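*Asks:* Sharing entry00.cif here; it has mmCIF, C-alpha atoms.
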data_protein
#
loop_
_atom_site.label_atom_id
_atom_site.label_comp_id
_atom_site.auth_asym_id
_atom_site.auth_seq_id
_atom_site.Cartn_x
_atom_site.Cartn_y
_atom_site.Cartn_z
CA MET A 144 0.00 0.00 0.00
CA LYS A 145 2.82 2.39 0.88
CA LEU A 146 4.51 1.71 -2.46
CA LYS A 147 1.28 2.39 -4.35
CA SER A 148 0.75 5.63 -2.39
CA LYS A 149 4.26 6.80 -3.25
CA LYS A 150 3.72 6.02 -6.94
CA LEU A 151 0.41 7.90 -6.88
CA ILE A 152 2.06 10.92 -5.25
CA ILE A 153 4.86 10.86 -7.84
CA ILE A 154 2.31 10.67 -10.69
CA ILE A 155 0.31 13.58 -9.26
CA LEU A 156 3.48 15.66 -8.82
CA CYS A 157 4.52 14.91 -12.41
CA ILE A 158 1.08 16.00 -13.66
CA ILE A 159 1.25 19.23 -11.64
CA ILE A 160 4.77 19.99 -12.88
CA GLY A 161 3.67 19.27 -16.45
CA ILE A 162 0.70 21.64 -16.11
CA LEU A 163 2.94 24.37 -14.66
CA ILE A 164 5.46 23.97 -17.50
CA PHE A 165 2.67 24.08 -20.09
CA CYS A 166 1.13 27.19 -18.49
CA SER A 167 4.51 28.91 -18.39
CA PHE A 168 5.16 28.24 -22.08
CA TYR A 169 1.59 29.17 -23.02
CA PHE A 170 1.59 32.52 -21.22
CA ASN A 171 5.03 33.34 -22.58
CA TYR A 172 3.65 32.57 -26.03
CA LEU A 173 0.65 34.87 -25.44
CA ASN A 174 2.93 37.68 -24.28
CA PHE A 175 5.23 37.20 -27.26
CA ARG A 176 2.29 37.09 -29.66
CA ASP A 177 0.69 40.26 -28.29
CA GLN A 178 4.03 42.05 -28.26
CA LYS A 179 4.61 41.01 -31.88
CA ILE A 180 1.13 42.15 -32.90
CA ASN A 181 1.61 45.45 -31.08
CA ASN A 182 4.98 45.97 -32.76
CA ASP A 183 3.43 45.15 -36.14
CA PHE A 184 0.74 47.70 -35.39
CA GLU A 185 3.27 50.40 -34.53
CA GLU A 186 4.82 49.95 -37.96
CA ILE A 187 1.67 51.24 -39.67
CA ILE A 188 1.44 54.49 -37.68
CA PRO A 189 2.08 57.27 -40.19
CA ASN A 190 5.47 58.87 -39.64
CA THR A 191 4.78 62.57 -39.05
CA THR A 192 7.86 63.35 -36.97
CA ASN A 193 9.66 65.04 -39.86
CA GLU A 194 6.93 67.59 -40.45
CA GLU A 195 7.97 70.05 -37.73
CA ASN A 196 9.39 72.70 -40.02
CA SER A 197 7.13 72.20 -42.98
CA GLU A 198 4.96 75.10 -44.12
CA LYS A 199 2.41 72.52 -45.20
CA LYS A 200 2.75 70.43 -42.07
CA GLU A 201 -0.95 69.75 -41.52
CA ASP A 202 -1.61 68.92 -45.19
CA ASN A 203 1.35 66.54 -45.26
CA ILE A 204 0.22 64.78 -42.09
CA ASN A 205 -3.29 64.46 -43.45
CA GLU A 206 -2.11 62.95 -46.73
CA LYS A 207 0.06 60.40 -44.93
CA ILE A 208 -2.84 59.28 -42.78
CA TYR A 209 -5.26 59.19 -45.75
CA ASP A 210 -2.82 56.95 -47.62
CA THR A 211 -2.43 54.67 -44.58
CA VAL A 212 -6.21 54.34 -44.21
CA LYS A 213 -6.60 53.50 -47.91
CA LYS A 214 -3.94 50.78 -47.66
CA LEU A 215 -5.53 49.27 -44.57
CA GLN A 216 -8.96 49.29 -46.20
CA VAL A 217 -7.61 47.13 -49.01
CA GLU A 218 -6.63 44.55 -46.37
CA ASN A 219 -9.73 44.93 -44.21
CA SER A 220 -12.94 46.69 -45.24
CA ASP A 221 -13.86 47.09 -41.55
CA VAL A 222 -11.29 49.90 -41.33
CA LYS A 223 -13.35 53.11 -41.30
CA GLY A 224 -10.62 55.62 -40.59
CA TRP A 225 -8.03 56.73 -38.08
CA ILE A 226 -8.41 58.35 -34.65
CA LYS A 227 -5.76 60.62 -33.16
CA ILE A 228 -5.29 62.91 -30.16
CA ASN A 229 -2.10 64.94 -30.42
CA ASP A 230 0.57 64.42 -27.76
CA SER A 231 -1.07 61.22 -26.54
CA ASN A 232 -0.80 57.50 -27.24
CA ILE A 233 -4.15 57.57 -29.01
CA ASN A 234 -3.11 57.20 -32.65
CA TYR A 235 -4.85 54.17 -34.13
CA PRO A 236 -6.89 52.79 -37.00
CA LEU A 237 -10.63 52.95 -36.38
CA LEU A 238 -12.67 49.84 -37.12
CA GLN A 239 -16.32 48.78 -37.16
CA GLY A 240 -17.57 45.21 -37.23
CA ILE A 241 -20.97 43.57 -37.51
CA ASP A 242 -21.05 43.15 -33.71
CA ASN A 243 -19.40 44.73 -30.67
CA ASP A 244 -17.50 41.60 -29.67
CA TYR A 245 -15.06 40.78 -32.46
CA TYR A 246 -12.75 43.79 -32.19
CA LEU A 247 -12.58 43.52 -28.42
CA ASN A 248 -9.88 40.92 -29.03
CA HIS A 249 -8.84 41.24 -32.68
CA ASN A 250 -6.58 43.79 -34.34
CA TYR A 251 -6.89 45.50 -37.72
CA GLN A 252 -5.37 42.41 -39.39
CA LYS A 253 -8.11 40.23 -37.83
CA GLU A 254 -5.49 38.52 -35.68
CA TYR A 255 -6.33 37.64 -32.09
CA SER A 256 -4.93 40.18 -29.63
CA ASN A 257 -5.63 41.09 -26.01
CA TYR A 258 -5.26 44.71 -27.09
CA GLY A 259 -8.20 44.46 -29.45
CA SER A 260 -8.86 47.52 -31.60
CA ILE A 261 -10.35 50.96 -31.31
CA PHE A 262 -13.78 50.37 -32.81
CA ILE A 263 -17.08 52.08 -33.55
CA ASP A 264 -20.28 50.64 -32.11
CA LYS A 265 -22.04 48.44 -34.68
CA ASP A 266 -25.12 50.69 -34.63
CA SER A 267 -23.24 53.99 -35.05
CA ASN A 268 -22.85 55.79 -38.34
CA LEU A 269 -19.82 58.03 -38.72
CA ASP A 270 -21.40 59.75 -41.71
CA ASN A 271 -24.73 60.55 -40.03
CA VAL A 272 -24.53 64.17 -38.87
CA ASN A 273 -27.57 63.74 -36.59
CA SER A 274 -25.96 61.03 -34.53
CA ASN A 275 -23.77 60.24 -31.57
CA VAL A 276 -20.94 57.95 -32.68
CA ILE A 277 -19.95 55.56 -29.86
CA ILE A 278 -16.28 54.50 -29.95
CA TYR A 279 -14.77 51.84 -27.68
CA GLY A 280 -11.24 50.84 -26.73
CA HIS A 281 -9.49 48.93 -23.97
CA SER A 282 -7.56 50.65 -21.20
CA MET A 283 -4.26 48.73 -21.22
CA LYS A 284 -1.72 48.77 -18.40
CA ASP A 285 1.08 49.74 -20.79
CA LYS A 286 -0.87 52.93 -21.64
CA GLU A 287 -1.87 51.65 -25.08
CA MET A 288 -5.27 51.82 -26.79
CA PHE A 289 -7.69 54.12 -24.87
CA GLN A 290 -5.81 54.16 -21.55
CA ASN A 291 -4.91 57.83 -22.05
CA LEU A 292 -8.61 58.71 -21.77
CA LEU A 293 -8.24 58.17 -18.02
CA ASN A 294 -6.01 61.26 -17.95
CA TYR A 295 -9.07 63.38 -18.70
CA ALA A 296 -10.03 63.04 -15.04
CA ASN A 297 -7.46 65.83 -14.63
CA LYS A 298 -8.68 69.17 -16.00
CA GLU A 299 -5.12 70.28 -16.76
CA TYR A 300 -4.76 67.31 -19.11
CA TYR A 301 -8.02 68.29 -20.80
CA GLU A 302 -6.78 71.87 -21.25
CA ASN A 303 -3.86 70.52 -23.31
CA HIS A 304 -5.83 67.86 -25.23
CA LYS A 305 -9.13 69.46 -26.23
CA ILE A 306 -9.29 68.23 -29.82
CA ILE A 307 -9.91 64.72 -31.16
CA GLU A 308 -9.20 64.07 -34.84
CA ILE A 309 -10.82 61.41 -36.98
CA TYR A 310 -9.47 60.79 -40.49
CA THR A 311 -11.25 58.92 -43.25
CA ASN A 312 -9.45 58.10 -46.50
CA ASN A 313 -10.01 61.64 -47.79
CA GLU A 314 -11.19 63.88 -44.96
CA THR A 315 -10.07 65.16 -41.56
CA ARG A 316 -12.79 65.73 -38.98
CA LYS A 317 -12.04 67.65 -35.81
CA TYR A 318 -14.04 67.28 -32.61
CA GLU A 319 -13.89 69.55 -29.57
CA ILE A 320 -14.40 67.92 -26.17
CA VAL A 321 -17.66 69.02 -24.52
CA THR A 322 -17.67 67.02 -21.31
CA VAL A 323 -15.91 64.23 -19.39
CA PHE A 324 -17.59 61.97 -16.86
CA LYS A 325 -17.42 58.60 -15.13
CA SER A 326 -20.20 56.05 -15.02
CA ARG A 327 -20.62 52.31 -15.36
CA VAL A 328 -22.43 49.64 -17.35
CA PHE A 329 -25.83 49.09 -15.76
CA TYR A 330 -27.68 45.84 -15.16
CA GLN A 331 -30.79 45.23 -17.24
CA ASP A 332 -33.15 45.39 -14.27
CA GLU A 333 -31.85 48.77 -13.06
CA GLU A 334 -34.33 51.57 -13.60
CA ASN A 335 -34.05 55.33 -13.89
CA VAL A 336 -30.41 55.23 -14.97
CA PHE A 337 -28.59 56.99 -17.81
CA ARG A 338 -27.50 54.39 -20.34
CA TYR A 339 -25.21 56.68 -22.31
CA TYR A 340 -24.03 53.78 -24.49
CA TYR A 341 -27.47 53.43 -26.10
CA CYS A 342 -27.89 57.11 -27.02
CA GLN A 343 -26.89 57.06 -30.69
CA ASP A 344 -29.97 58.39 -32.46
CA LEU A 345 -29.99 62.16 -31.82
CA SER A 346 -32.22 63.02 -34.78
CA SER A 347 -34.52 65.22 -32.68
CA GLU A 348 -33.53 68.30 -30.71
CA GLU A 349 -35.16 66.84 -27.60
CA LYS A 350 -33.06 63.66 -27.74
CA TYR A 351 -29.92 65.68 -28.42
CA ASN A 352 -30.45 68.07 -25.52
CA ASP A 353 -31.43 65.26 -23.14
CA TYR A 354 -28.20 63.43 -23.92
CA ILE A 355 -26.02 66.50 -23.42
CA ASN A 356 -27.82 67.50 -20.21
CA ASN A 357 -27.47 63.99 -18.74
CA CYS A 358 -23.74 63.98 -19.58
CA LYS A 359 -23.26 67.45 -18.08
CA ASP A 360 -25.01 66.37 -14.87
CA LEU A 361 -22.27 63.76 -14.37
CA GLU A 362 -19.27 65.75 -15.58
CA ILE A 363 -16.10 65.78 -13.51
CA TYR A 364 -15.48 69.47 -14.27
CA SER A 365 -16.92 72.13 -16.53
CA THR A 366 -15.21 72.62 -19.88
CA GLY A 367 -17.29 75.69 -20.69
CA VAL A 368 -18.04 74.15 -24.10
CA GLU A 369 -21.66 73.87 -25.22
CA ALA A 370 -23.08 71.54 -27.87
CA HIS A 371 -26.05 72.42 -30.06
CA PHE A 372 -28.47 70.32 -32.07
CA GLY A 373 -27.02 69.63 -35.52
CA GLU A 374 -23.43 69.27 -34.26
CA GLN A 375 -22.45 65.62 -34.58
CA LEU A 376 -21.18 64.02 -31.37
CA ILE A 377 -18.67 61.29 -30.68
CA THR A 378 -18.52 59.47 -27.35
CA LEU A 379 -15.28 57.68 -26.44
CA ILE A 380 -15.61 54.94 -23.82
CA THR A 381 -13.03 52.88 -21.94
CA CYS A 382 -12.84 50.90 -18.69
CA GLU A 383 -12.29 52.78 -15.44
CA TYR A 384 -11.78 50.86 -12.22
CA SER A 385 -13.05 53.09 -9.40
CA ASN A 386 -16.46 51.35 -9.78
CA ASP A 387 -17.53 47.83 -10.70
CA ASN A 388 -18.00 47.82 -14.48
CA GLY A 389 -16.79 51.43 -14.37
CA ARG A 390 -16.28 53.52 -17.48
CA MET A 391 -14.55 56.78 -18.41
CA ILE A 392 -16.51 58.70 -21.02
CA VAL A 393 -15.35 61.60 -23.20
CA VAL A 394 -17.94 63.40 -25.33
CA ALA A 395 -16.93 65.75 -28.16
CA LYS A 396 -18.72 67.72 -30.91
CA LYS A 397 -17.70 68.08 -34.55
CA ILE A 398 -16.28 71.52 -35.29
CA SER A 399 -14.82 70.99 -38.78
#
What would the structure in this file look like if it were written as structure tokens?
*Replies:*
Amino acid sequence: MKLKSKKLIIIILCIIIGILIFCSFYFNYLNFRDQKINNDFEEIIPNTTNEENSEKKEDNINEKIYDTVKKLQVENSDVKGWIKINDSNINYPLLQGIDNDYYLNHNYQKEYSNYGSIFIDKDSNLDNVNSNVIIYGHSMKDKEMFQNLLNYANKEYYENHKIIEIYTNNETRKYEIVTVFKSRVFYQDEENVFRYYYCQDLSSEEKYNDYINNCKDLEIYSTGVEAHFGEQLITLITCEYSNDNGRMIVVAKKIS
């Protein structure tokens, strides 16, 4: 009996060691894969660092990003444009899938990645002027994707990063930040709550004003910027961990 018990213990230990070795190799593989995908992604970011002294700096930057978007669209028709906030890490292709799950963990090449993509809600329409375009992105520990949105909790950061730019393959759209607030994702049975992530149809002045007023009621600080019916809105959303299912939300209006 003692001999059988020893053999059983040895077998169990071998199984445990095998599992630990497998897990170690597997997680190292995941880290390597995500690092590779992230490095591959960085290679597509348009190089605008040499435009500092150019008289046509903005035009040159725009053309480089337009060309990049066009190339990416050949590879993946889900690429809708590019989103950029100057002097931040937010400088990414903008995608939109047929659901809101796929690009949570896939990059612009449709490869699996924990980073996912910056993506537009499936029900949003970037070309509809009477709409609120919902845009999602992960908040990664290495400050990638939408993590920099968390900096907007600080008004000084907002003062230096008021403009969000979205590029299509032939147009640059500029959005001025209207308000910043924190909230969370609500359970289905919760009543009398502001589900900001469902407010996409702003085709009536009443809906538009209700959305802005609800956002302003929750704002962390006043920006002094007002939004008026007919000005397209974008709402950027990422995870924020001061609440369960917490979110940081940045709302901006189209100004050009």
*Asks:* I want to know what sits within 12 Å of stretch 335-346 of chain A, based on all atoms listed in the file, with residues of the same chain fewer than 5 positions away left out; could you give that as number ranges by chain?
*Replies:* A: 243, 263-269, 271-279, 324-330, 351-361, 371-381, 390-394
*Asks:* What gap, in Å, lies between atom CA of A:Thr366 and atom CA of A:Thr322?
*Replies:*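 Here the two named atoms are 6.3 Å from each other.
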*Asks:* Using Å and a single decimal, report how far atom CA of A:Ile204 sits from atom CA of A:Tyr310.
*Replies:*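 Answer for the atom CA of A:Tyr310 to atom CA of A:Ile204 separation: 10.6 Å.
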*Asks:* Please tabulate, as a Markdown table, the residues of stretch 327-374 of chain A that come within 10 Å of stretch 296-306 of chain A, each with its closest pair of atoms and the distance in Å to one decimal, counting all atoms listed in the file and ordering rows by chain, then residue number upward.
*Replies:*
| residue | atom | partner | partner_atom | distance |
| --- | --- | --- | --- | --- |
| A:Glu362 | CA | A:Ala296 | CA | 9.6 |
| A:Ile363 | CA | A:Ala296 | CA | 6.8 |
| A:Tyr364 | CA | A:Lys298 | CA | 7.0 |
| A:Ser365 | CA | A:Lys298 | CA | 8.8 |
| A:Thr366 | CA | A:Lys298 | CA | 8.3 |
*Asks:* Provide the atom CA of A:Asp285 to atom CA of A:Asn229 distance in Å, to one decimal place.
*Replies:* 18.3 Å
*Asks:* Would you write out, as a count of residues only, every residue that the PyMOL selection byres ((chain A and resi 317-320) around 7) captures in this file?
*Replies:* 15
*Asks:* Could you pull the residues within 9 Å of A:Tyr251, counting all atoms listed in the file, minus those fewer than 3 positions along the same chain, as a PyMOL selection string?
*Replies:* chain A and resi 184+215+218-219+221-222+236-238+246+254+259-260
*Asks:* May I have the residues from that selection written out with C-alpha atoms, as a PDB file, in the frame of the given file?
*Replies:*
ATOM      1  CA  PHE A 184       0.740  47.700 -35.390  1.00  0.00           C
ATOM      2  CA  LEU A 215      -5.530  49.270 -44.570  1.00  0.00           C
ATOM      3  CA  GLU A 218      -6.630  44.550 -46.370  1.00  0.00           C
ATOM      4  CA  ASN A 219      -9.730  44.930 -44.210  1.00  0.00           C
ATOM      5  CA  ASP A 221     -13.860  47.090 -41.550  1.00  0.00           C
ATOM      6  CA  VAL A 222     -11.290  49.900 -41.330  1.00  0.00           C
ATOM      7  CA  PRO A 236      -6.890  52.790 -37.000  1.00  0.00           C
ATOM      8  CA  LEU A 237     -10.630  52.950 -36.380  1.00  0.00           C
ATOM      9  CA  LEU A 238     -12.670  49.840 -37.120  1.00  0.00           C
ATOM     10  CA  TYR A 246     -12.750  43.790 -32.190  1.00  0.00           C
ATOM     11  CA  GLU A 254      -5.490  38.520 -35.680  1.00  0.00           C
ATOM     12  CA  GLY A 259      -8.200  44.460 -29.450  1.00  0.00           C
ATOM     13  CA  SER A 260      -8.860  47.520 -31.600  1.00  0.00           C
TER      14      SER A 260
END
*Asks:* Please provide as a CSV table (one decimal) with C-alpha atoms, keeping the file's coordinate frame all residues within 7 Å of stretch 288-294 of chain A, with the sequence filter that same-chain residues fewer than 5 positions apart are discarded (counting only C-alpha atoms).
*Replies:*
chain,number,residue,atom,x,y,z
A,231,SER,CA,-1.1,61.2,-26.5
A,232,ASN,CA,-0.8,57.5,-27.2
A,233,ILE,CA,-4.2,57.6,-29.0
A,261,ILE,CA,-10.4,51.0,-31.3
A,280,GLY,CA,-11.2,50.8,-26.7
A,281,HIS,CA,-9.5,48.9,-24.0
A,282,SER,CA,-7.6,50.6,-21.2
A,283,MET,CA,-4.3,48.7,-21.2
A,300,TYR,CA,-4.8,67.3,-19.1
A,381,THR,CA,-13.0,52.9,-21.9
A,391,MET,CA,-14.6,56.8,-18.4
*Asks:* Under the rule that all atoms listed in the file are counted, which of A:Glu287, A:Tyr245, A:Asp332, A:Gly240 is the nearest residue to A:Tyr258?
*Replies:*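 Between A:Glu287, A:Tyr245, A:Asp332, A:Gly240, the residue approaching A:Tyr258 most closely is A:Glu287.
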*Asks:* Go through A:Tyr235, A:Trp225, A:Tyr209, A:Tyr384 one by one, measure the shortest atom-to-atom distance of each to A:Asn312 using all atoms listed in the file, and give the residue with the smallest value.
*Replies:*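 Using all atoms listed in the file, A:Asn312 sits closest to A:Tyr209.
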*Asks:* With a distance cut-off of 7 Å and only C-alpha atoms, select the neighbouring residues of A:Pro189, excluding the residue or stretch itself and same-chain residues fewer than 3 positions from it, and output the selection as a list in words.
*Replies:* Lys207, Ile208 and Thr211 of chain A
*Asks:* For each of A:Asn313, A:Lys284, A:Ile158, A:Leu247, take the minimum atom-to-atom distance to A:Lys223, counting all atoms listed in the file, then give the residue where this is smallest.
*Replies:* A:Asn313
